[in-house]
file coords_8.txt (compact mmCIF, C-alpha atoms)
# COMPACT_ATOMS: atom_id res chain seq x y z
CA MET N 1 -11.89 -19.11 11.70
CA THR N 2 -12.88 -20.26 8.19
CA VAL N 3 -10.79 -18.86 5.36
CA PRO N 4 -12.79 -18.05 2.18
CA VAL N 5 -11.64 -19.66 -1.06
CA ALA N 6 -11.24 -17.29 -4.01
CA PRO N 7 -13.57 -17.83 -6.96
CA GLY N 8 -12.24 -19.20 -10.25
CA ARG N 9 -10.64 -22.45 -9.06
CA TRP N 10 -10.12 -25.09 -11.77
CA PRO N 11 -9.78 -28.87 -11.27
CA PHE N 12 -6.09 -29.89 -10.97
CA LEU N 13 -4.83 -26.42 -12.01
CA GLY N 14 -6.40 -24.52 -9.12
CA HIS N 15 -6.27 -20.73 -9.47
CA THR N 16 -3.20 -20.76 -11.74
CA PRO N 17 -5.27 -20.06 -14.92
CA ALA N 18 -6.99 -17.10 -13.23
CA LEU N 19 -3.65 -15.75 -12.02
CA LEU N 20 -1.99 -16.08 -15.42
CA ARG N 21 -4.97 -14.82 -17.44
CA ARG N 22 -6.24 -11.96 -15.25
CA ARG N 23 -3.04 -11.21 -13.29
CA PHE N 24 -3.36 -7.94 -11.37
CA ALA N 25 -7.13 -7.66 -11.83
CA PHE N 26 -7.59 -11.00 -10.06
CA THR N 27 -5.29 -10.35 -7.11
CA SER N 28 -6.51 -6.76 -6.64
CA SER N 29 -10.08 -8.02 -6.22
CA LEU N 30 -9.30 -10.45 -3.41
CA HIS N 31 -9.59 -7.87 -0.60
CA GLU N 32 -13.35 -8.06 -1.15
CA TYR N 33 -13.36 -11.52 0.44
CA GLY N 34 -11.40 -10.72 3.61
CA GLU N 35 -7.91 -10.10 4.97
CA ILE N 36 -6.84 -13.68 4.19
CA VAL N 37 -8.12 -15.61 1.15
CA LYS N 38 -7.22 -19.16 0.13
CA LEU N 39 -5.81 -19.76 -3.35
CA TYR N 40 -4.65 -23.00 -4.96
CA LEU N 41 -1.53 -23.14 -7.14
CA GLY N 42 -2.31 -26.40 -8.87
CA PRO N 43 -3.42 -28.66 -6.01
CA SER N 44 -1.41 -26.77 -3.37
CA PRO N 45 -3.25 -24.38 -1.00
CA THR N 46 -1.82 -20.91 -0.33
CA TYR N 47 -3.01 -18.02 1.83
CA PHE N 48 -3.26 -14.65 0.10
CA VAL N 49 -2.92 -11.69 2.50
CA THR N 50 -4.88 -8.64 1.36
CA SER N 51 -4.42 -6.05 4.13
CA ALA N 52 -1.54 -3.72 4.98
CA ARG N 53 -1.87 -4.69 8.64
CA LEU N 54 -1.26 -8.40 8.08
CA THR N 55 1.36 -7.77 5.40
CA HIS N 56 3.40 -5.82 7.94
CA GLU N 57 3.03 -8.73 10.34
CA VAL N 58 4.24 -11.27 7.76
CA LEU N 59 7.19 -9.20 6.56
CA VAL N 60 8.24 -7.39 9.75
CA THR N 61 6.78 -8.06 13.19
CA ALA N 62 6.50 -11.84 12.73
CA GLY N 63 9.11 -12.03 9.99
CA THR N 64 11.30 -14.54 11.87
CA LYS N 65 8.42 -17.06 11.72
CA PHE N 66 8.54 -17.10 7.92
CA ARG N 67 11.03 -18.07 5.23
CA LYS N 68 10.96 -17.67 1.46
CA GLY N 69 8.10 -19.62 -0.14
CA ALA N 70 7.39 -21.96 -3.03
CA MET N 71 7.76 -19.34 -5.77
CA PHE N 72 11.39 -18.78 -4.72
CA ASP N 73 11.99 -22.54 -4.45
CA LYS N 74 11.09 -22.88 -8.11
CA PHE N 75 13.67 -20.29 -9.14
CA ARG N 76 16.48 -21.73 -6.99
CA PRO N 77 17.53 -24.58 -9.34
CA PHE N 78 18.03 -22.05 -12.13
CA VAL N 79 19.53 -18.90 -10.57
CA GLY N 80 21.03 -20.52 -7.48
CA ASN N 81 20.84 -19.77 -3.78
CA GLY N 82 21.48 -16.02 -3.90
CA LEU N 83 20.30 -13.45 -1.39
CA VAL N 84 16.77 -13.17 -2.77
CA LEU N 85 16.22 -16.94 -2.59
CA SER N 86 18.25 -18.13 0.42
CA ASN N 87 17.02 -18.66 3.96
CA GLY N 88 18.16 -18.95 7.56
CA ASP N 89 21.75 -18.67 8.71
CA PHE N 90 23.08 -18.84 5.16
CA HIS N 91 20.92 -15.87 4.14
CA ARG N 92 22.09 -13.82 7.13
CA GLN N 93 25.73 -14.69 6.38
CA GLN N 94 25.39 -13.71 2.71
CA ARG N 95 23.64 -10.47 3.58
CA ARG N 96 26.47 -9.52 5.96
CA LEU N 97 29.05 -10.34 3.30
CA MET N 98 27.24 -8.27 0.68
CA GLN N 99 26.49 -5.25 2.86
CA PRO N 100 29.82 -3.49 2.09
CA ALA N 101 28.90 -3.50 -1.61
CA PHE N 102 26.02 -1.15 -0.79
CA HIS N 103 27.85 1.11 1.66
CA ARG N 104 27.38 4.87 1.24
CA ASP N 105 30.85 5.29 -0.32
CA ARG N 106 30.14 2.56 -2.87
CA LEU N 107 26.74 4.07 -3.68
CA ALA N 108 28.45 7.39 -4.39
CA ALA N 109 30.76 5.66 -6.88
CA TYR N 110 27.83 3.86 -8.53
CA ALA N 111 26.04 7.22 -8.83
CA GLU N 112 28.69 8.40 -11.25
CA THR N 113 28.23 5.23 -13.33
CA MET N 114 24.48 5.90 -13.38
CA ARG N 115 24.89 9.55 -14.43
CA ARG N 116 27.36 8.70 -17.18
CA ALA N 117 25.19 5.90 -18.61
CA ALA N 118 22.06 8.10 -18.52
CA THR N 119 23.99 10.93 -20.20
CA GLU N 120 25.24 8.61 -22.95
CA LEU N 121 21.69 7.44 -23.61
CA SER N 122 20.23 10.95 -23.77
CA ASP N 123 23.17 12.08 -25.97
CA SER N 124 22.17 9.41 -28.49
CA TRP N 125 18.70 10.90 -29.05
CA ARG N 126 17.94 13.40 -31.81
CA PRO N 127 15.33 16.20 -31.75
CA GLY N 128 11.99 14.96 -33.04
CA GLU N 129 13.11 11.34 -33.02
CA VAL N 130 10.59 8.71 -31.89
CA ARG N 131 12.22 6.35 -29.43
CA LEU N 132 10.94 3.11 -27.95
CA ILE N 133 11.59 4.41 -24.46
CA ASP N 134 10.84 1.11 -22.71
CA GLU N 135 13.55 -0.61 -24.75
CA ASP N 136 16.01 2.25 -24.23
CA LEU N 137 15.52 2.10 -20.47
CA GLN N 138 15.73 -1.68 -20.30
CA GLY N 139 19.10 -1.41 -22.00
CA LEU N 140 20.13 1.38 -19.64
CA ALA N 141 19.22 -0.67 -16.56
CA VAL N 142 21.25 -3.64 -17.82
CA THR N 143 24.20 -1.35 -18.55
CA ILE N 144 24.15 0.28 -15.10
CA VAL N 145 23.86 -2.94 -13.10
CA GLY N 146 26.29 -4.70 -15.41
CA GLU N 147 28.94 -1.98 -15.14
CA ALA N 148 28.50 -1.85 -11.36
CA LEU N 149 29.04 -5.62 -11.28
CA PHE N 150 31.80 -6.01 -13.86
CA SER N 151 34.54 -3.61 -14.92
CA THR N 152 36.65 -5.94 -17.10
CA GLU N 153 36.60 -6.56 -20.83
CA LEU N 154 35.05 -9.98 -20.31
CA GLY N 155 32.47 -8.26 -18.15
CA LYS N 156 31.28 -6.42 -21.27
CA GLU N 157 30.43 -9.81 -22.79
CA ALA N 158 28.45 -10.65 -19.66
CA ILE N 159 26.54 -7.36 -19.98
CA ALA N 160 25.77 -8.16 -23.63
CA GLU N 161 24.49 -11.59 -22.61
CA ALA N 162 22.36 -10.01 -19.89
CA ARG N 163 20.80 -7.69 -22.49
CA ARG N 164 19.97 -10.75 -24.56
CA SER N 165 18.68 -13.08 -21.87
CA ILE N 166 17.68 -11.45 -18.61
CA TYR N 167 14.14 -10.34 -19.52
CA LEU N 168 13.33 -13.76 -20.95
CA ILE N 169 14.53 -15.32 -17.68
CA ILE N 170 12.42 -12.96 -15.57
CA GLN N 171 9.21 -13.26 -17.57
CA GLN N 172 9.28 -16.98 -18.32
CA GLY N 173 10.42 -17.62 -14.76
CA MET N 174 7.17 -16.16 -13.40
CA VAL N 175 5.13 -18.54 -15.56
CA ARG N 176 7.10 -21.45 -14.10
CA ALA N 177 6.76 -20.17 -10.56
CA LEU N 178 2.96 -20.16 -10.77
CA SER N 179 2.58 -23.43 -12.68
CA PRO N 180 2.49 -27.04 -11.45
CA LYS N 181 5.87 -28.82 -11.53
CA PHE N 182 5.10 -30.86 -14.66
CA VAL N 183 4.75 -27.70 -16.80
CA GLU N 184 8.49 -26.93 -16.74
CA LYS N 185 9.17 -30.41 -18.18
CA LEU N 186 6.98 -29.91 -21.23
CA PRO N 187 8.91 -29.69 -24.55
CA VAL N 188 7.52 -26.26 -25.48
CA PRO N 189 9.46 -23.30 -26.95
CA GLY N 190 9.16 -21.15 -23.82
CA ASN N 191 10.79 -23.81 -21.66
CA ARG N 192 13.57 -24.37 -24.16
CA ARG N 193 14.37 -20.67 -24.48
CA PHE N 194 14.35 -20.26 -20.68
CA ASP N 195 16.72 -23.21 -20.13
CA GLU N 196 19.11 -22.01 -22.84
CA ALA N 197 19.15 -18.44 -21.48
CA ILE N 198 19.89 -19.62 -17.93
CA SER N 199 22.72 -21.85 -19.17
CA ARG N 200 24.31 -18.99 -21.12
CA MET N 201 24.10 -16.57 -18.19
CA ARG N 202 25.55 -19.05 -15.69
CA ALA N 203 28.43 -19.88 -18.04
CA ILE N 204 29.48 -16.30 -18.80
CA VAL N 205 29.28 -15.23 -15.14
CA LEU N 206 31.47 -18.15 -14.06
CA GLU N 207 33.94 -17.22 -16.81
CA VAL N 208 34.17 -13.65 -15.48
CA ILE N 209 34.70 -14.97 -11.94
CA ARG N 210 37.50 -17.30 -13.05
CA GLU N 211 39.17 -14.44 -14.91
CA TRP N 212 39.01 -12.37 -11.70
CA ARG N 213 40.58 -15.24 -9.74
CA ALA N 214 43.44 -15.38 -12.22
CA GLU N 215 44.11 -11.64 -11.84
CA GLY N 216 43.19 -11.26 -8.14
CA ALA N 217 42.83 -7.47 -8.40
CA ASP N 218 40.21 -5.23 -6.81
CA HIS N 219 38.51 -3.47 -9.73
CA GLY N 220 36.22 -1.47 -7.47
CA ASP N 221 33.16 -3.28 -8.81
CA LEU N 222 30.52 -5.38 -7.06
CA LEU N 223 32.11 -8.65 -8.15
CA SER N 224 35.41 -7.66 -6.53
CA THR N 225 33.55 -6.93 -3.30
CA LEU N 226 31.89 -10.36 -3.33
CA LEU N 227 35.10 -12.26 -4.03
CA LEU N 228 37.32 -10.28 -1.67
CA VAL N 229 35.10 -11.17 1.31
CA GLY N 230 35.69 -14.86 0.62
CA MET N 231 32.74 -16.11 -1.40
CA THR N 232 33.24 -19.28 -3.41
CA ASP N 233 32.85 -19.16 -7.19
CA GLU N 234 29.40 -20.75 -6.91
CA GLN N 235 28.23 -18.35 -4.19
CA ALA N 236 29.45 -15.35 -6.16
CA ARG N 237 27.81 -16.66 -9.35
CA ASP N 238 24.48 -17.06 -7.55
CA GLU N 239 24.65 -13.55 -6.08
CA VAL N 240 25.56 -12.03 -9.45
CA LEU N 241 22.62 -13.78 -11.13
CA THR N 242 20.38 -12.59 -8.29
CA LEU N 243 21.56 -8.99 -8.65
CA LEU N 244 21.03 -9.11 -12.40
CA THR N 245 17.50 -10.50 -12.20
CA ALA N 246 16.39 -8.50 -9.16
CA GLY N 247 18.29 -5.31 -9.96
CA ILE N 248 17.13 -4.66 -13.50
CA GLU N 249 13.40 -5.20 -13.85
CA THR N 250 12.17 -2.85 -11.10
CA THR N 251 14.32 0.10 -12.16
CA ALA N 252 13.76 -0.28 -15.91
CA LEU N 253 9.99 -0.43 -15.46
CA ALA N 254 9.91 2.42 -12.94
CA LEU N 255 11.85 4.62 -15.35
CA ALA N 256 9.67 3.74 -18.33
CA TRP N 257 6.45 4.42 -16.42
CA THR N 258 7.88 7.63 -14.95
CA PHE N 259 8.42 9.16 -18.38
CA HIS N 260 5.05 7.81 -19.53
CA GLU N 261 3.31 9.52 -16.60
CA LEU N 262 5.27 12.76 -17.03
CA GLY N 263 4.19 12.79 -20.68
CA ARG N 264 0.55 12.39 -19.61
CA HIS N 265 0.59 14.97 -16.79
CA LYS N 266 1.93 18.29 -17.99
CA GLN N 267 1.73 20.06 -14.61
CA VAL N 268 3.72 17.28 -12.94
CA GLU N 269 6.28 17.41 -15.74
CA GLU N 270 6.63 21.20 -15.45
CA ARG N 271 7.19 20.94 -11.71
CA VAL N 272 9.85 18.24 -12.21
CA HIS N 273 11.63 20.42 -14.78
CA ALA N 274 11.51 23.44 -12.50
CA GLU N 275 13.02 21.52 -9.60
CA VAL N 276 15.74 19.95 -11.74
CA ASP N 277 16.65 23.37 -13.16
CA GLU N 278 16.79 24.93 -9.71
CA VAL N 279 18.82 22.16 -8.04
CA LEU N 280 21.25 21.41 -10.86
CA ALA N 281 21.56 24.92 -12.32
CA GLY N 282 22.81 23.45 -15.60
CA ARG N 283 25.46 21.10 -14.19
CA PRO N 284 25.40 17.26 -14.07
CA VAL N 285 23.53 15.62 -11.20
CA THR N 286 25.62 14.28 -8.29
CA VAL N 287 24.82 12.00 -5.38
CA ASP N 288 24.66 15.06 -3.11
CA ASP N 289 21.71 16.40 -5.13
CA LEU N 290 19.48 13.42 -4.43
CA THR N 291 18.13 14.68 -1.11
CA ARG N 292 17.30 18.04 -2.70
CA LEU N 293 15.27 16.60 -5.57
CA THR N 294 12.29 16.15 -3.28
CA TYR N 295 9.50 16.43 -5.83
CA VAL N 296 11.29 14.09 -8.25
CA ARG N 297 11.40 11.55 -5.42
CA GLN N 298 7.66 12.01 -4.83
CA VAL N 299 7.04 11.27 -8.52
CA VAL N 300 9.26 8.19 -8.31
CA ASP N 301 7.47 6.94 -5.18
CA GLU N 302 4.12 7.34 -6.92
CA VAL N 303 5.39 5.33 -9.90
CA LEU N 304 6.70 2.63 -7.54
CA ARG N 305 3.25 2.60 -5.93
CA GLN N 306 1.36 2.26 -9.19
CA TYR N 307 3.68 -0.18 -10.97
CA PRO N 308 5.30 -2.48 -8.37
CA LEU N 309 6.19 -6.16 -8.27
CA TRP N 310 3.14 -8.39 -8.53
CA MET N 311 3.66 -10.78 -5.62
CA LEU N 312 6.00 -12.29 -3.02
CA MET N 313 5.72 -15.62 -1.22
CA ARG N 314 6.58 -16.71 2.31
CA ARG N 315 6.37 -20.06 4.12
CA THR N 316 5.63 -20.47 7.83
CA LEU N 317 8.42 -22.05 9.87
CA GLU N 318 6.01 -22.87 12.71
CA GLU N 319 2.32 -22.58 13.48
CA VAL N 320 1.37 -18.90 13.18
CA ASP N 321 -1.73 -17.00 14.29
CA LEU N 322 -2.29 -14.48 11.50
CA GLY N 323 -5.32 -12.26 11.91
CA GLY N 324 -7.14 -14.96 13.88
CA VAL N 325 -6.32 -17.69 11.36
CA ARG N 326 -4.10 -20.55 12.58
CA LEU N 327 -1.65 -21.27 9.79
CA PRO N 328 0.16 -24.60 10.14
CA ALA N 329 3.93 -24.91 9.81
CA GLY N 330 4.82 -25.08 6.12
CA ALA N 331 1.85 -22.99 4.97
CA GLU N 332 2.46 -20.89 1.85
CA VAL N 333 1.55 -17.19 2.15
CA ILE N 334 1.28 -14.70 -0.74
CA VAL N 335 1.72 -10.94 -0.41
CA SER N 336 1.02 -8.69 -3.42
CA PRO N 337 2.70 -5.26 -3.45
CA HIS N 338 0.51 -4.35 -6.42
CA ALA N 339 -2.75 -5.23 -4.66
CA LEU N 340 -1.64 -3.41 -1.51
CA HIS N 341 -0.62 -0.31 -3.46
CA HIS N 342 -4.08 -0.17 -5.08
CA ASP N 343 -6.12 -0.88 -1.96
CA PRO N 344 -8.73 1.87 -1.39
CA ALA N 345 -8.47 1.20 2.34
CA SER N 346 -4.99 2.79 2.24
CA TYR N 347 -5.10 5.11 -0.77
CA ASP N 348 -7.70 7.64 -1.91
CA HIS N 349 -8.42 7.14 -5.61
CA PRO N 350 -5.69 4.47 -5.94
CA ASP N 351 -5.83 4.43 -9.76
CA ARG N 352 -5.09 8.16 -9.94
CA PHE N 353 -1.48 9.27 -10.53
CA ASP N 354 -0.89 11.69 -7.66
CA PRO N 355 2.70 12.47 -6.57
CA GLY N 356 1.24 14.80 -3.93
CA ARG N 357 0.24 11.80 -1.85
CA TRP N 358 3.97 11.46 -1.00
CA ALA N 359 4.22 14.92 0.55
CA PRO N 360 5.50 14.24 4.09
CA GLU N 361 2.30 15.10 5.92
CA ARG N 362 0.18 12.83 3.68
CA ALA N 363 2.67 9.98 3.50
CA ALA N 364 2.90 9.89 7.30
CA ARG N 365 -0.76 8.86 7.48
CA LEU N 366 -0.23 5.64 5.52
CA PRO N 367 -0.60 2.43 7.54
CA LYS N 368 2.45 0.22 7.97
CA GLY N 369 2.63 -2.39 5.23
CA ALA N 370 0.76 -0.27 2.68
CA PHE N 371 3.87 0.65 0.63
CA VAL N 372 6.33 -2.19 0.02
CA PRO N 373 7.94 -1.72 -3.43
CA PHE N 374 11.15 -3.36 -2.18
CA GLY N 375 9.64 -5.62 0.46
CA ALA N 376 10.12 -4.84 4.15
CA GLY N 377 11.80 -6.06 7.31
CA ALA N 378 14.99 -8.12 7.47
CA ARG N 379 14.47 -9.29 3.88
CA GLN N 380 13.96 -5.88 2.32
CA CYS N 381 15.85 -5.70 -0.95
CA ILE N 382 19.51 -4.95 -0.18
CA GLY N 383 19.74 -2.87 -3.35
CA ASN N 384 16.74 -0.64 -2.71
CA ARG N 385 18.84 2.50 -2.26
CA PHE N 386 20.87 1.64 -5.39
CA ALA N 387 17.64 1.34 -7.39
CA GLN N 388 16.10 4.54 -6.03
CA ASN N 389 19.30 6.50 -6.73
CA GLU N 390 19.43 5.10 -10.26
CA ILE N 391 15.86 6.15 -11.01
CA VAL N 392 16.22 9.69 -9.63
CA ILE N 393 19.60 10.27 -11.32
CA THR N 394 18.26 9.10 -14.68
CA VAL N 395 15.09 11.18 -14.42
CA ALA N 396 17.09 14.29 -13.50
CA THR N 397 19.65 13.72 -16.27
CA VAL N 398 17.00 13.28 -18.96
CA ALA N 399 14.63 15.98 -17.67
CA ALA N 400 17.42 18.56 -17.70
CA ARG N 401 17.59 18.30 -21.49
CA TRP N 402 14.51 16.62 -22.91
CA ARG N 403 10.75 16.35 -22.84
CA LEU N 404 9.50 12.90 -23.82
CA VAL N 405 6.15 13.33 -25.55
CA PRO N 406 3.60 10.56 -26.17
CA VAL N 407 3.04 9.68 -29.82
CA PRO N 408 -0.55 10.56 -30.88
CA GLY N 409 -2.62 7.55 -31.91
CA ARG N 410 -0.26 5.10 -30.19
CA PRO N 411 -2.02 4.08 -26.96
CA VAL N 412 0.09 2.30 -24.36
CA HIS N 413 -1.27 -0.99 -23.04
CA VAL N 414 -0.09 -2.92 -20.02
CA LYS N 415 1.08 -6.52 -20.28
CA PHE N 416 1.51 -8.40 -17.04
CA THR N 417 4.26 -10.80 -16.05
CA SER N 418 6.02 -10.51 -12.70
CA ALA N 419 5.25 -6.77 -12.91
CA ALA N 420 3.43 -4.36 -15.24
CA TYR N 421 5.23 -3.91 -18.57
CA PRO N 422 4.20 -1.47 -21.32
CA ASP N 423 3.48 -3.39 -24.51
CA SER N 424 5.39 -0.64 -26.31
CA LEU N 425 6.25 2.90 -25.25
CA PRO N 426 7.06 5.11 -28.25
CA MET N 427 7.80 8.72 -27.26
CA THR N 428 9.16 11.68 -29.19
CA ALA N 429 12.32 13.30 -27.88
CA VAL N 430 11.78 17.08 -27.78
CA PRO N 431 14.61 19.37 -26.62
CA ARG N 432 13.68 21.65 -23.75
call {"tool": "encode", "arguments": {"input": "coords_8.txt", "output": "C-alpha cells"}}
result
Amino acid sequence: MTVPVAPGRWPFLGHTPALLRRRFAFTSSLHEYGEIVKLYLGPSPTYFVTSARLTHEVLVTAGTKFRKGAMFDKFRPFVGNGLVLSNGDFHRQQRRLMQPAFHRDRLAAYAETMRRAATELSDSWRPGEVRLIDEDLQGLAVTIVGEALFSTELGKEAIAEARRSIYLIIQQGMVRALSPKFVEKLPVPGNRRFDEAISRMRAIVLEVIREWRAEGADHGDLLSTLLLVGMTDEQARDEVLTLLTAGIETTALALAWTFHELGRHKQVEERVHAEVDEVLAGRPVTVDDLTRLTYVRQVVDEVLRQYPLWMLMRRTLEEVDLGGVRLPAGAEVIVSPHALHHDPASYDHPDRFDPGRWAPERAARLPKGAFVPFGAGARQCIGNRFAQNEIVITVATVAARWRLVPVPGRPVHVKFTSAAYPDSLPMTAVPR
C-alpha cells in the first residue's frame, strides 16, 4: 500500500518549515490524505497517523511494538531519562517506583496544596482589576507542582527557578525536537537561553536532592517518595525535571483556556457557578467534592479536547502492519492529540465549544483513540489524575468567588508551540 506524502516538503528541511510555520493548521489538514501520511523531519521520513482507530492501535492494542520516538530522543540529553522519555524495562521499573507518589492517599494530600494555592491566588485579586490570567495560572501551576515536589526551604529556590526557566525549556525544546540536528548547534540566542535554563534547573534540583540526602527525612513530598524507594540522585533528578516539564504546561494552559471559554459563554459560566454553589455551599472545595462537580468536569474535558498537546512520537520495535501499511522496524510514527480532537469524523462541529458533548450518553459514542489528552495505554501520563484534580479544584475555588470577564477590544490570539498558548489573556476580576 502506497503512503501519500504530505504537501509542502522542502529540500533538506522536509516538512519542518510547514510544521513550525503553520503548526496545528498543517497537522489538522492531513486527514484529508488518508489514515497514514508520510512527513519528513529534515531528511528523515515519519508516518503521521490521522485516525482515532489507528491511534488506539499505536498507543494501546499494539503498544508493546512501539517505543518513544525521535522527538523524545532529542529531549533526553537535556532533561534526562525520566518517565516520559525512557523505554523498555527501565521505564517499567521507574513507573512502578513512582506509582506510590500518585496513590489515592497522596492525591488527597496534594488536593489540599492545590486548594490553598488557588485560594491564595484568588485572594490576591481586587474587584475590577485587570489580570493577565495566563501569567497568573502559569505561576499557579509552577507553585502547585513545585510544592508537591519540594517542601524544604531550598525547594522554594527550585520553584523560583522553575518559574523563571520552565516555559522557555518547553517552548524552545519543541523547536529543537522538530529541527534537524545541526540547528541546536547554531550560536543563536534561543539555543543559548535554552542551554542556560537547562543547566540552572539541573543544578538546583541536584542541590535539593543532596540536601535531602543529608537530612534523610520523609517530608511527605514527591521528592521524598522518589528517594525513599531507592532512586539514585541522577534518576531522581531526571524524574523531577520530567514532572516539572510535563506537569505544568498542560494544567496551566487548560486553566487559562477554561476561564477564557467561561468568559465567552455566559450560559456555560452560569451553569458552572450554580453547580459550584450547590456542591460547596460556601465552604472550600475538598477532594471528596470532585466526583460531584460533574458539569465542571465536562467543561474541563471540553477544554482538554480543544487545547491539547500538539503531537507525540513513537518508534516501531519490529515490523508492524498498521492499517494495511507495513512499517519497518525503526519507523517513526507521529500521533497528534490536537488533530484527533478536531477530527470531524469523531466530533460534530469540532471547532465549537460544547461541554454537553461530554454528557455520559454522548461521550460513550466516541471511538477509541479519539480523546487522548494524556496519551493512552501503558504510557498514559502517570500524573493525569493529579492534573485533572488540579484543574477542577482551581476552577471551583475561583468560580465560587469571581467572574473573570474578557476585556473589550483585547482579542485573544493563539500562538502555537508544543500546545496552544494565548498570546495574552487579560481578564477583569469581578466579584460574584
call {"tool": "closest_residue", "arguments": {"input": "coords_8.txt", "among": "N:Ala160, N:Asp288, N:Ser124, N:Ala148", "to": "Tyr110 in chain N", "atoms": "all atoms listed in the file"}}
result
N:Ala148
call {"tool": "residues_around", "arguments": {"input": "coords_8.txt", "residues": "range 341-350 of chain N", "least_positions_apart": "3", "cutoff": "6 Å", "atoms": "all atoms listed in the file", "output": "PyMOL selection string"}}
result
chain N and resi 305+337-338
call {"tool": "atom_distance", "arguments": {"input": "coords_8.txt", "atom1": "CA of Trp310 in chain N", "atom2": "CA of Phe66 in chain N"}}
result
19.4 Å
call {"tool": "residues_around", "arguments": {"input": "coords_8.txt", "residues": "Thr46 in chain N", "least_positions_apart": "6", "cutoff": "6 Å", "atoms": "only C-alpha atoms", "output": "list of chain:residue names"}}
result
N:Lys38, N:Leu39, N:Tyr40, N:Glu332, N:Val333
call {"tool": "write_last_selection", "arguments": {"input": "coords_8.txt", "atoms": "C-alpha atoms", "output": "CSV table (one decimal), in the frame of the given file"}}
result
chain,number,residue,atom,x,y,z
N,38,LYS,CA,-7.2,-19.2,0.1
N,39,LEU,CA,-5.8,-19.8,-3.4
N,40,TYR,CA,-4.6,-23.0,-5.0
N,332,GLU,CA,2.5,-20.9,1.8
N,333,VAL,CA,1.6,-17.2,2.2
call {"tool": "closest_residue", "arguments": {"input": "coords_8.txt", "among": "N:His265, N:Arg92, N:Arg379, N:Arg164", "to": "Asp354 in chain N", "atoms": "all atoms listed in the file"}}
result
N:His265
call {"tool": "residues_around", "arguments": {"input": "coords_8.txt", "residues": "Val240 in chain N", "least_positions_apart": "6", "cutoff": "10 Å", "atoms": "only C-alpha atoms", "output": "MDAnalysis selection string"}}
result
chainID N and resid 79:80 82:83 145:146 149:150 201:202 205:206 209 222:223 226 234 246:247
call {"tool": "closest_residue", "arguments": {"input": "coords_8.txt", "among": "N:Leu107, N:Cys381, N:Ile169, N:Leu137", "to": "Glu120 in chain N", "atoms": "only C-alpha atoms"}}
result
N:Leu137
call {"tool": "atom_distance", "arguments": {"input": "coords_8.txt", "atom1": "CA of Leu227 in chain N", "atom2": "CA of Glu211 in chain N"}}
result
11.8 Å
call {"tool": "atom_distance", "arguments": {"input": "coords_8.txt", "atom1": "CA of Ala254 in chain N", "atom2": "CA of Tyr307 in chain N"}}
result
7.0 Å
